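For reference, target.csv is printed below; it contains CSV, C-alpha atoms and all ligand atoms.
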chain,number,residue,atom,x,y,z
A,236,MET,CA,0.0,0.0,0.0
A,237,LYS,CA,1.3,3.4,-1.0
A,238,VAL,CA,0.9,6.6,1.1
A,239,THR,CA,1.8,10.1,-0.1
A,240,ILE,CA,2.3,12.9,2.4
A,241,VAL,CA,2.3,16.4,0.9
A,242,GLY,CA,4.3,18.8,3.1
A,243,ALA,CA,7.5,17.3,4.6
A,244,GLY,CA,7.5,19.7,7.5
A,245,ASN,CA,7.0,18.9,11.2
A,246,VAL,CA,3.7,17.1,10.9
A,247,GLY,CA,4.3,15.4,7.5
A,248,ALA,CA,7.7,14.0,8.4
A,249,THR,CA,6.5,12.8,11.8
A,250,CYS,CA,3.6,11.1,10.2
A,251,ALA,CA,6.0,9.4,7.6
A,252,ASP,CA,8.2,8.3,10.5
A,253,VAL,CA,5.4,6.7,12.5
A,254,ILE,CA,3.9,5.1,9.4
A,255,SER,CA,7.2,3.6,8.5
A,256,TYR,CA,8.3,2.6,12.0
A,257,ARG,CA,5.0,0.8,12.6
A,258,GLY,CA,5.0,-0.8,9.1
A,259,ILE,CA,1.5,0.6,8.3
A,260,ALA,CA,2.3,1.0,4.6
A,261,SER,CA,4.8,-0.6,2.2
A,262,GLU,CA,5.7,2.7,0.5
A,263,VAL,CA,5.7,6.3,1.7
A,264,VAL,CA,6.4,9.3,-0.6
A,265,LEU,CA,7.0,12.7,1.0
A,266,LEU,CA,6.6,15.7,-1.3
A,267,ASP,CA,7.5,19.3,-0.6
A,268,ILE,CA,8.1,22.5,-2.6
A,269,LYS,CA,11.3,23.2,-0.7
A,270,GLU,CA,14.1,22.0,-2.9
A,271,GLY,CA,15.7,18.7,-1.6
A,272,PHE,CA,13.8,19.0,1.7
A,273,ALA,CA,11.5,16.0,1.3
A,274,GLU,CA,14.4,13.9,-0.1
A,275,GLY,CA,16.4,14.7,3.0
A,276,LYS,CA,13.6,13.8,5.4
A,277,ALA,CA,13.0,10.6,3.5
A,278,MET,CA,16.6,9.6,3.6
A,279,ASP,CA,16.9,10.4,7.3
A,280,ILE,CA,13.8,8.3,8.1
A,281,SER,CA,15.0,5.5,5.8
A,282,GLN,CA,18.3,5.3,7.7
A,283,CYS,CA,16.3,4.2,10.8
A,284,ALA,CA,15.2,1.0,9.0
A,285,THR,CA,17.9,-1.3,10.4
A,286,THR,CA,18.0,0.1,13.9
A,287,THR,CA,14.2,0.2,14.4
A,288,GLY,CA,13.5,-2.7,12.1
A,289,PHE,CA,11.1,-1.7,9.3
A,290,ASN,CA,10.9,-2.4,5.6
A,291,THR,CA,8.7,0.5,4.4
A,292,ARG,CA,10.3,2.2,1.3
A,293,VAL,CA,10.4,5.9,2.0
A,294,SER,CA,11.3,8.4,-0.8
A,295,GLY,CA,11.1,12.2,-1.2
A,296,SER,CA,10.1,14.4,-4.1
A,297,THR,CA,10.5,18.2,-4.8
A,298,ASN,CA,7.1,19.0,-6.2
A,299,ASP,CA,7.2,16.1,-8.7
A,300,TYR,CA,3.8,14.6,-8.4
A,301,SER,CA,4.5,11.8,-10.9
A,302,LYS,CA,6.4,10.1,-8.0
A,303,THR,CA,3.1,10.0,-6.0
A,304,ALA,CA,1.2,8.1,-8.7
A,305,GLY,CA,-1.1,5.3,-7.6
A,306,SER,CA,-1.2,6.3,-4.0
A,307,ASP,CA,-4.0,4.7,-1.9
A,308,VAL,CA,-4.0,7.4,0.7
A,309,VAL,CA,-2.7,11.0,0.3
A,310,VAL,CA,-2.2,13.2,3.4
A,311,ILE,CA,-2.2,17.0,3.0
A,312,THR,CA,-0.1,18.7,5.6
A,313,SER,CA,1.3,21.5,3.3
A,314,GLY,CA,0.8,25.0,4.5
A,315,ILE,CA,1.8,27.3,7.2
A,316,PRO,CA,1.4,26.5,11.0
A,317,ARG,CA,0.3,29.2,13.5
A,318,LYS,CA,2.6,31.1,15.8
A,319,PRO,CA,1.9,31.9,19.5
A,320,GLY,CA,-1.1,34.2,19.9
A,321,MET,CA,-2.6,33.3,16.5
A,322,THR,CA,-5.8,31.2,15.9
A,323,ARG,CA,-5.9,28.4,13.3
A,324,GLU,CA,-8.5,30.4,11.4
A,325,GLU,CA,-5.9,33.1,10.7
A,326,LEU,CA,-4.1,30.7,8.4
A,327,ILE,CA,-6.9,30.5,5.8
A,328,GLY,CA,-5.6,33.2,3.5
A,329,ILE,CA,-2.4,31.3,2.6
A,330,ASN,CA,-3.4,27.7,3.2
A,331,ALA,CA,-6.6,27.7,1.1
A,332,GLY,CA,-4.6,28.4,-2.1
A,333,ILE,CA,-2.0,25.8,-1.2
A,334,VAL,CA,-4.5,23.1,-0.3
A,335,LYS,CA,-6.6,23.5,-3.4
A,336,THR,CA,-3.5,23.4,-5.8
A,337,VAL,CA,-2.2,20.4,-3.9
A,338,ALA,CA,-5.5,18.5,-4.0
A,339,ASP,CA,-5.7,19.1,-7.8
A,340,ASN,CA,-2.2,17.8,-8.4
A,341,VAL,CA,-2.7,14.8,-6.1
A,342,LEU,CA,-5.8,13.6,-7.9
A,343,ALA,CA,-4.3,14.0,-11.3
A,344,HIS,CA,-1.8,11.2,-10.4
A,345,SER,CA,-3.9,9.2,-7.9
A,346,PRO,CA,-7.5,9.3,-9.0
A,347,ASN,CA,-8.6,6.7,-6.6
A,348,ALA,CA,-6.9,8.0,-3.4
A,349,ILE,CA,-8.5,8.7,-0.1
A,350,ILE,CA,-7.5,12.2,0.9
A,351,VAL,CA,-6.7,13.0,4.6
A,352,VAL,CA,-6.7,16.8,5.2
A,353,VAL,CA,-4.5,18.1,8.0
A,354,SER,CA,-3.7,21.7,7.1
A,355,ASN,CA,-5.5,24.4,9.1
A,356,PRO,CA,-8.1,25.7,9.5
A,357,MET,CA,-8.7,22.0,9.0
A,358,ASP,CA,-12.6,21.8,8.8
A,359,THR,CA,-12.6,24.6,6.2
A,360,MET,CA,-9.7,23.0,4.3
A,361,THR,CA,-11.6,19.7,4.3
A,362,TYR,CA,-14.7,21.4,2.9
A,363,LEU,CA,-12.6,23.2,0.3
A,364,THR,CA,-11.0,19.9,-0.8
A,365,LEU,CA,-14.4,18.2,-1.1
A,366,LYS,CA,-15.9,21.1,-3.1
A,367,ALA,CA,-12.8,21.6,-5.3
A,368,THR,CA,-12.3,17.9,-6.2
A,369,GLY,CA,-16.0,16.8,-6.3
A,370,LEU,CA,-15.0,13.5,-4.8
A,371,PRO,CA,-17.6,11.5,-2.8
A,372,LYS,CA,-17.6,12.3,0.9
A,373,ASN,CA,-16.2,9.0,2.0
A,374,ARG,CA,-12.9,9.8,0.3
A,375,ILE,CA,-12.3,13.2,2.0
A,376,ILE,CA,-11.4,12.9,5.7
A,377,GLY,CA,-10.3,15.8,8.0
A,378,MET,CA,-8.0,14.8,10.8
A,379,GLY,CA,-8.6,16.7,14.0
A,380,GLY,CA,-10.8,14.7,16.3
A,381,ALA,CA,-8.3,11.9,16.7
A,382,LEU,CA,-5.7,14.4,18.0
A,383,ASP,CA,-8.2,16.3,20.1
A,384,SER,CA,-9.4,13.1,21.6
A,385,SER,CA,-5.9,12.0,22.4
A,386,ARG,CA,-5.3,15.3,24.2
A,387,PHE,CA,-8.6,14.9,26.0
A,388,LYS,CA,-7.5,11.5,27.3
A,389,TYR,CA,-4.1,12.9,28.3
A,390,TYR,CA,-5.8,15.7,30.4
A,391,LEU,CA,-8.3,13.1,31.8
A,392,SER,CA,-5.4,10.8,32.8
A,393,LYS,CA,-3.6,13.6,34.5
A,394,ALA,CA,-6.8,14.7,36.5
A,395,LEU,CA,-7.5,11.1,37.4
A,396,ASN,CA,-3.8,10.2,38.0
A,397,LYS,CA,-4.4,7.0,36.0
A,398,PRO,CA,-2.7,5.6,32.9
A,399,SER,CA,-3.8,7.3,29.6
A,400,ASN,CA,-4.7,3.9,28.0
A,401,ASP,CA,-7.2,3.2,30.8
A,402,VAL,CA,-9.1,6.3,29.8
A,403,ASP,CA,-11.5,6.7,27.0
A,404,GLY,CA,-13.2,9.8,25.6
A,405,MET,CA,-14.0,11.6,22.4
A,406,VAL,CA,-14.0,15.2,21.1
A,407,ILE,CA,-16.4,16.2,18.3
A,408,GLY,CA,-17.2,19.6,16.7
A,409,GLY,CA,-14.9,21.9,15.0
A,410,HIS,CA,-11.1,21.7,15.3
A,411,GLY,CA,-10.7,25.2,16.8
A,412,ASP,CA,-9.9,26.7,20.2
A,413,THR,CA,-13.5,27.6,20.8
A,414,THR,CA,-15.4,25.1,18.6
A,415,MET,CA,-14.2,21.7,20.0
A,416,ILE,CA,-16.6,19.7,22.1
A,417,PRO,CA,-15.0,17.3,24.6
A,418,LEU,CA,-17.8,14.8,25.5
A,419,THR,CA,-17.1,14.7,29.2
A,420,ARG,CA,-20.4,13.1,30.0
A,421,LEU,CA,-19.4,10.0,28.0
A,422,ALA,CA,-15.7,9.8,29.1
A,423,SER,CA,-14.7,6.8,31.1
A,424,TYR,CA,-12.0,5.2,33.2
A,425,CYS,CA,-11.9,1.4,32.7
A,426,GLY,CA,-15.5,1.4,31.7
A,427,THR,CA,-16.7,3.6,34.6
A,428,PRO,CA,-17.9,7.2,34.2
A,429,VAL,CA,-15.2,9.7,35.0
A,430,SER,CA,-17.8,11.7,37.0
A,431,THR,CA,-17.4,8.9,39.6
A,432,TYR,CA,-13.9,10.3,40.4
A,433,LEU,CA,-13.8,13.9,39.2
A,434,THR,CA,-15.8,16.9,40.4
A,435,GLN,CA,-17.7,19.0,37.8
A,436,GLU,CA,-15.1,21.7,38.3
A,437,GLU,CA,-12.3,19.2,37.5
A,438,MET,CA,-14.1,17.9,34.5
A,439,ASP,CA,-14.7,21.5,33.2
A,440,LYS,CA,-11.0,22.2,33.6
A,441,VAL,CA,-10.1,19.1,31.6
A,442,ALA,CA,-12.5,20.2,28.8
A,443,ALA,CA,-11.1,23.7,28.8
A,444,ASP,CA,-7.5,22.5,28.7
A,445,THR,CA,-8.3,20.1,25.9
A,446,MET,CA,-9.9,22.9,23.8
A,447,VAL,CA,-6.8,25.1,24.0
A,448,GLY,CA,-4.4,22.1,23.8
A,449,GLY,CA,-3.0,23.1,20.5
A,450,ALA,CA,-2.6,26.8,21.5
A,451,THR,CA,-0.8,25.7,24.7
A,452,LEU,CA,1.7,23.7,22.8
A,453,THR,CA,2.1,26.6,20.2
A,454,GLY,CA,2.9,28.9,23.1
A,455,LEU,CA,5.5,26.5,24.5
A,456,LEU,CA,7.1,25.5,21.2
A,457,GLY,CA,6.9,28.7,19.1
A,458,THR,CA,5.2,26.8,16.3
A,459,SER,CA,2.3,24.3,16.5
A,460,ALA,CA,2.8,20.7,17.7
A,461,TRP,CA,3.8,17.8,15.5
A,462,TYR,CA,4.5,14.5,17.5
A,463,ALA,CA,0.8,13.9,18.5
A,464,PRO,CA,-0.5,15.3,15.2
A,465,GLY,CA,1.7,13.1,13.1
A,466,ALA,CA,0.9,10.0,15.2
A,467,SER,CA,-2.8,10.8,15.0
A,468,VAL,CA,-2.7,10.9,11.2
A,469,ALA,CA,-0.8,7.6,11.2
A,470,TYR,CA,-3.5,6.1,13.5
A,471,LEU,CA,-6.1,7.2,11.0
A,472,VAL,CA,-4.2,5.9,7.9
A,473,ASP,CA,-3.7,2.6,9.7
A,474,SER,CA,-7.5,2.2,10.1
A,475,ILE,CA,-7.9,3.0,6.4
A,476,LEU,CA,-5.2,0.8,4.9
A,477,ASN,CA,-5.8,-2.1,7.2
A,478,ASP,CA,-9.6,-1.8,7.1
A,479,GLN,CA,-9.7,-1.7,10.9
A,480,ARG,CA,-13.1,0.0,11.0
A,481,LYS,CA,-12.1,1.9,14.1
A,482,MET,CA,-14.5,4.6,15.4
A,483,ILE,CA,-12.5,7.8,15.1
A,484,PRO,CA,-14.0,11.4,15.3
A,485,CYS,CA,-13.2,12.9,11.9
A,486,SER,CA,-14.2,16.0,9.9
A,487,VAL,CA,-16.6,14.8,7.3
A,488,PHE,CA,-19.2,16.3,5.0
A,489,LEU,CA,-22.6,16.4,6.8
A,490,GLU,CA,-25.9,16.0,5.0
A,491,GLY,CA,-28.4,16.2,7.8
A,492,GLU,CA,-26.3,14.2,10.3
A,493,TYR,CA,-26.1,15.9,13.7
A,494,GLY,CA,-28.7,18.4,12.4
A,495,GLN,CA,-26.2,20.0,9.9
A,496,GLU,CA,-25.9,20.3,6.2
A,497,ASP,CA,-23.2,21.5,3.7
A,498,ILE,CA,-20.4,21.6,6.2
A,499,CYS,CA,-17.4,19.5,7.2
A,500,MET,CA,-16.9,19.0,11.0
A,501,GLY,CA,-15.9,16.4,13.5
A,502,VAL,CA,-18.3,13.6,14.2
A,503,PRO,CA,-17.6,9.9,15.1
A,504,CYS,CA,-16.9,7.9,12.0
A,505,ILE,CA,-16.1,4.3,11.2
A,506,ILE,CA,-12.9,4.4,9.3
A,507,GLY,CA,-12.0,1.6,6.9
A,508,LYS,CA,-10.8,0.7,3.4
A,509,ASN,CA,-13.3,3.0,1.8
A,510,GLY,CA,-12.4,5.9,4.1
A,511,ILE,CA,-15.5,7.1,5.9
A,512,GLU,CA,-17.5,3.8,6.1
A,513,ALA,CA,-20.3,5.3,8.3
A,514,ILE,CA,-21.1,8.2,10.5
A,515,VAL,CA,-22.1,7.1,14.0
A,516,ASP,CA,-25.2,8.8,15.5
A,517,VAL,CA,-24.2,9.3,19.1
A,518,LYS,CA,-27.2,10.6,21.0
A,519,LEU,CA,-26.3,14.1,22.4
A,520,ASN,CA,-28.1,15.8,25.2
A,521,ASP,CA,-29.5,19.3,24.8
A,522,THR,CA,-26.4,21.1,26.0
A,523,GLU,CA,-24.2,19.1,23.7
A,524,LYS,CA,-26.6,19.6,20.8
A,525,ALA,CA,-26.5,23.4,21.4
A,526,ALA,CA,-22.7,23.3,21.6
A,527,PHE,CA,-22.6,21.4,18.3
A,528,ALA,CA,-24.9,24.0,16.6
A,529,LYS,CA,-22.8,26.9,17.9
A,530,SER,CA,-19.6,25.2,16.7
A,531,ALA,CA,-21.2,24.7,13.2
A,532,ASP,CA,-22.1,28.4,13.0
A,533,ALA,CA,-18.4,29.3,13.6
A,534,VAL,CA,-17.2,26.7,11.0
A,535,ARG,CA,-19.8,27.8,8.5
A,536,ALA,CA,-18.7,31.5,8.9
A,537,MET,CA,-15.1,30.5,8.1
A,538,ASN,CA,-16.2,28.5,5.0
A,539,ALA,CA,-17.8,31.7,3.7
A,540,ASP,CA,-14.3,33.0,3.2
A,541,LEU,CA,-13.6,30.4,0.6
A,542,LYS,CA,-15.8,32.0,-2.0
A,543,SER,CA,-12.9,33.6,-3.9
A,544,VAL,CA,-10.9,30.4,-3.8
A,545,LEU,CA,-13.8,28.2,-5.0
A,546,ALA,CA,-15.0,30.7,-7.7
A,601,LIG,N1,-5.4,19.1,11.8
A,601,LIG,C1,-4.6,19.0,12.8
A,601,LIG,O1,-4.9,18.4,13.8
A,601,LIG,C2,-3.3,19.7,12.7
A,601,LIG,C3,-3.0,20.6,11.7
A,601,LIG,N2,-1.8,21.2,11.6
A,601,LIG,C4,-1.5,22.0,10.5
A,601,LIG,O2,-0.7,21.3,9.5
A,601,LIG,C5,0.0,22.2,8.7
A,601,LIG,C6,1.5,21.9,8.7
A,601,LIG,O3,2.0,22.1,10.0
A,601,LIG,P1,3.6,21.8,10.2
A,601,LIG,O4,4.0,20.5,9.6
A,601,LIG,O5,3.9,22.1,11.6
A,601,LIG,O6,4.2,23.0,9.3
A,601,LIG,P2,5.7,23.1,8.7
A,601,LIG,O7,5.9,24.5,8.3
A,601,LIG,O8,6.7,22.4,9.5
A,601,LIG,O9,5.5,22.2,7.3
A,601,LIG,C7,4.7,22.6,6.3
A,601,LIG,C8,5.4,22.2,5.0
A,601,LIG,O10,4.5,22.4,3.9
A,601,LIG,C9,5.4,22.8,2.8
A,601,LIG,N3,4.6,23.4,1.7
A,601,LIG,C10,4.1,24.7,1.7
A,601,LIG,N4,3.5,24.9,0.5
A,601,LIG,C11,3.5,23.7,-0.2
A,601,LIG,C12,3.0,23.3,-1.4
A,601,LIG,N5,2.4,24.1,-2.2
A,601,LIG,N6,3.3,22.0,-1.8
A,601,LIG,C13,4.0,21.2,-1.0
A,601,LIG,N7,4.5,21.5,0.2
A,601,LIG,C14,4.3,22.8,0.6
A,601,LIG,C15,6.4,23.7,3.4
A,601,LIG,O11,7.6,23.8,2.6
A,601,LIG,C16,6.7,23.0,4.7
A,601,LIG,O12,7.8,22.1,4.6
A,601,LIG,C17,-0.3,23.6,9.3
A,601,LIG,O13,-1.3,24.3,8.6
A,601,LIG,C18,-0.8,23.3,10.7
A,601,LIG,O14,-1.6,24.3,11.2
A,601,LIG,C19,-0.8,20.9,12.5
A,601,LIG,C20,-1.0,20.1,13.6
A,601,LIG,C21,-2.3,19.5,13.8
A,602,LIG,O1,-2.6,24.2,17.2
A,602,LIG,C1,-2.4,24.2,16.0
A,602,LIG,O2,-2.4,25.3,15.3
A,602,LIG,C2,-2.1,22.9,15.2
A,602,LIG,C3,-3.2,22.0,15.5
A,602,LIG,O3,-4.2,22.0,14.8
A,602,LIG,C4,-3.1,21.2,16.7
A,602,LIG,O4,-2.0,21.0,17.2
A,602,LIG,O5,-4.2,20.9,17.2

Please rewrite the model in this file as structure tokens.
Ligand SMILES: NC(=O)C1=CN([C@@H]2O[C@H](COP(=O)(O)OP(=O)(O)OC[C@H]3O[C@@H](n4cnc5c(N)ncnc54)[C@H](O)[C@@H]3O)[C@@H](O)[C@H]2O)C=CC1
Ligand SMILES: O=C([O-])CC(=O)C(=O)O
Amino acid sequence: MKVTIVGAGNVGATCADVISYRGIASEVVLLDIKEGFAEGKAMDISQCATTTGFNTRVSGSTNDYSKTAGSDVVVITSGIPRKPGMTREELIGINAGIVKTVADNVLAHSPNAIIVVVSNPMDTMTYLTLKATGLPKNRIIGMGGALDSSRFKYYLSKALNKPSNDVDGMVIGGHGDTTMIPLTRLASYCGTPVSTYLTQEEMDKVAADTMVGGATLTGLLGTSAWYAPGASVAYLVDSILNDQRKMIPCSVFLEGEYGQEDICMGVPCIIGKNGIEAIVDVKLNDTEKAAFAKSADAVRAMNADLKSVLA
């Protein structure tokens, strides 16, 4: 199975590294516009093969899409990341043009690929990719919920003082500092509700920390995060390529699901060999429904800025 990752920067290269290390794909192509950059990252990752023990073939390309031909999955991480103090939404001006051009180039060489959109503002870039390519909705997946949920579980595990892998939980809604919806009511520790162990105040703090998880890291690092984002993309790609049918919150085109239409945002999806195999209808309470509607209003307002790019 062949995976192309466009953008060999922090997130793209980390994703290539995890996919190779875990043997998720037999071939990974990294592509970037910076001369020699993707080739360098691919060579560096390839030189881990004997010490970490993988056989994935990793190669790089400077903007030559012919090398990406026949990819099963294409991940788009090209574009600029935010700096401390910025929101993801502020990246739309530069990233929309980049994502649209990349999506066109990718499809010309891999007409059957499933596209995973990572560049921010991710929900709007997912919507742009869907509208610009005209592909069926199952083949355009925005990655945000997998990462946000992993951060939610991290903060839950810290509050509970229990191992992360004993904790379960999910974040839906938009992938933005104010649009994410950590579903605290449904979060669990070893199959028991977290509300058994945490006060409402503690759960509210976990949710608030989760929502600004990306901004916190951007403040600490000077640019946005890459280890957990890259690993989250690899997790999603694994479920596609190996038809694992995992339930992962992803940004997907909604046509009435969760009360929304003509928008891409995060909802629980079954992810398998066809991309989005199904959208799972988790019953939300009235508060969660209201939060989802408010999140959709914000994502929709951002999508309106795409008019000139899509014209
Ligand atoms: N959806 C999510 O959960 C996450 C999204 N992101 C987003 O992913 C994007 C990438 O982040 P980083 O890897 O940290 O940035 P980065 O700056 O390290 O890497 C981006 C790469 O894209 C390349 N690039 C720019 N235009 C290109 C084009 N037209 N064709 C091919 N390559 C091109 C650049 O040369 C650069 O190497 C950002 O927009 C960031 O906000 C980052 C983390 C999580
Ligand atoms: O925070 C950012 O700008 C990058 C991102 O989407 C994340 O790490 O969640």

Please, what is the axis-aligned box for every listed atom of ligand LIG 602 (chain A) with 6 Å on each side, as centre and edge lengths in Å to one decimal, as JSON?
{"center_x": -3.1, "center_y": 23.1, "center_z": 16.0, "size_x": 14.2, "size_y": 16.4, "size_z": 14.4}

Please build the interface table for chain A against ligand LIG 601 (chain A) with a cut-off of 6 Å, listing for each qualifying residue the nearest atom pair and the distance in Å to one decimal; count all atoms listed in the file, order rows by chain and increasing number, and write it as a tab-separated table.
residue	atom	partner	partner_atom	distance
A:Val241	CA	A:LIG601	C13	5.4
A:Gly242	CA	A:LIG601	O10	3.7
A:Ala243	CA	A:LIG601	O12	4.8
A:Gly244	CA	A:LIG601	O9	3.2
A:Asn245	CA	A:LIG601	O4	3.8
A:Val246	CA	A:LIG601	O4	3.7
A:Gly247	CA	A:LIG601	O4	5.5
A:Asp267	CA	A:LIG601	N7	3.8
A:Ile268	CA	A:LIG601	C13	4.6
A:Lys269	CA	A:LIG601	O11	5.0
A:Thr312	CA	A:LIG601	C5	4.7
A:Ser313	CA	A:LIG601	O10	3.4
A:Gly314	CA	A:LIG601	C10	4.3
A:Ile315	CA	A:LIG601	O13	4.5
A:Pro316	CA	A:LIG601	O14	3.7
A:Arg317	CA	A:LIG601	O14	5.7
A:Ile333	CA	A:LIG601	N5	4.8
A:Val353	CA	A:LIG601	N1	4.0
A:Ser354	CA	A:LIG601	O13	3.8
A:Asn355	CA	A:LIG601	O13	4.2
A:Met357	CA	A:LIG601	N1	5.2
A:Met378	CA	A:LIG601	N1	5.1
A:Gly379	CA	A:LIG601	O1	4.1
A:Leu382	CA	A:LIG601	O1	5.9
A:Ser459	CA	A:LIG601	O5	5.6
A:Ala460	CA	A:LIG601	C20	5.6
A:Trp461	CA	A:LIG601	C20	5.7
A:Pro464	CA	A:LIG601	C21	4.8

Nearest residue to Lys372 (chain A) from the set A:Glu274, A:Glu512, A:Asp299, A:Asp307 (distances using all atoms listed in the file): A:Glu512

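Excluding Leu455 (chain A) itself and any same-chain residue fewer than 4 positions from it, the protein and nucleic acid residues within 12 Å of it, counting all atoms listed in the file, are Lys318, Pro319, Gly320, Gly448, Gly449, Ala450, Thr451, Ser459 and Ala460 of chain A.
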
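For the pair CA of Asp497 (chain A) and CA of Pro484 (chain A), the interatomic distance is 17.9 Å.
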
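Using all atoms listed in the file, the smallest distance between any of A:Ile416, A:Ala260, A:Val309, A:Ala381 and Ile483 (chain A) comes from A:Ala381.
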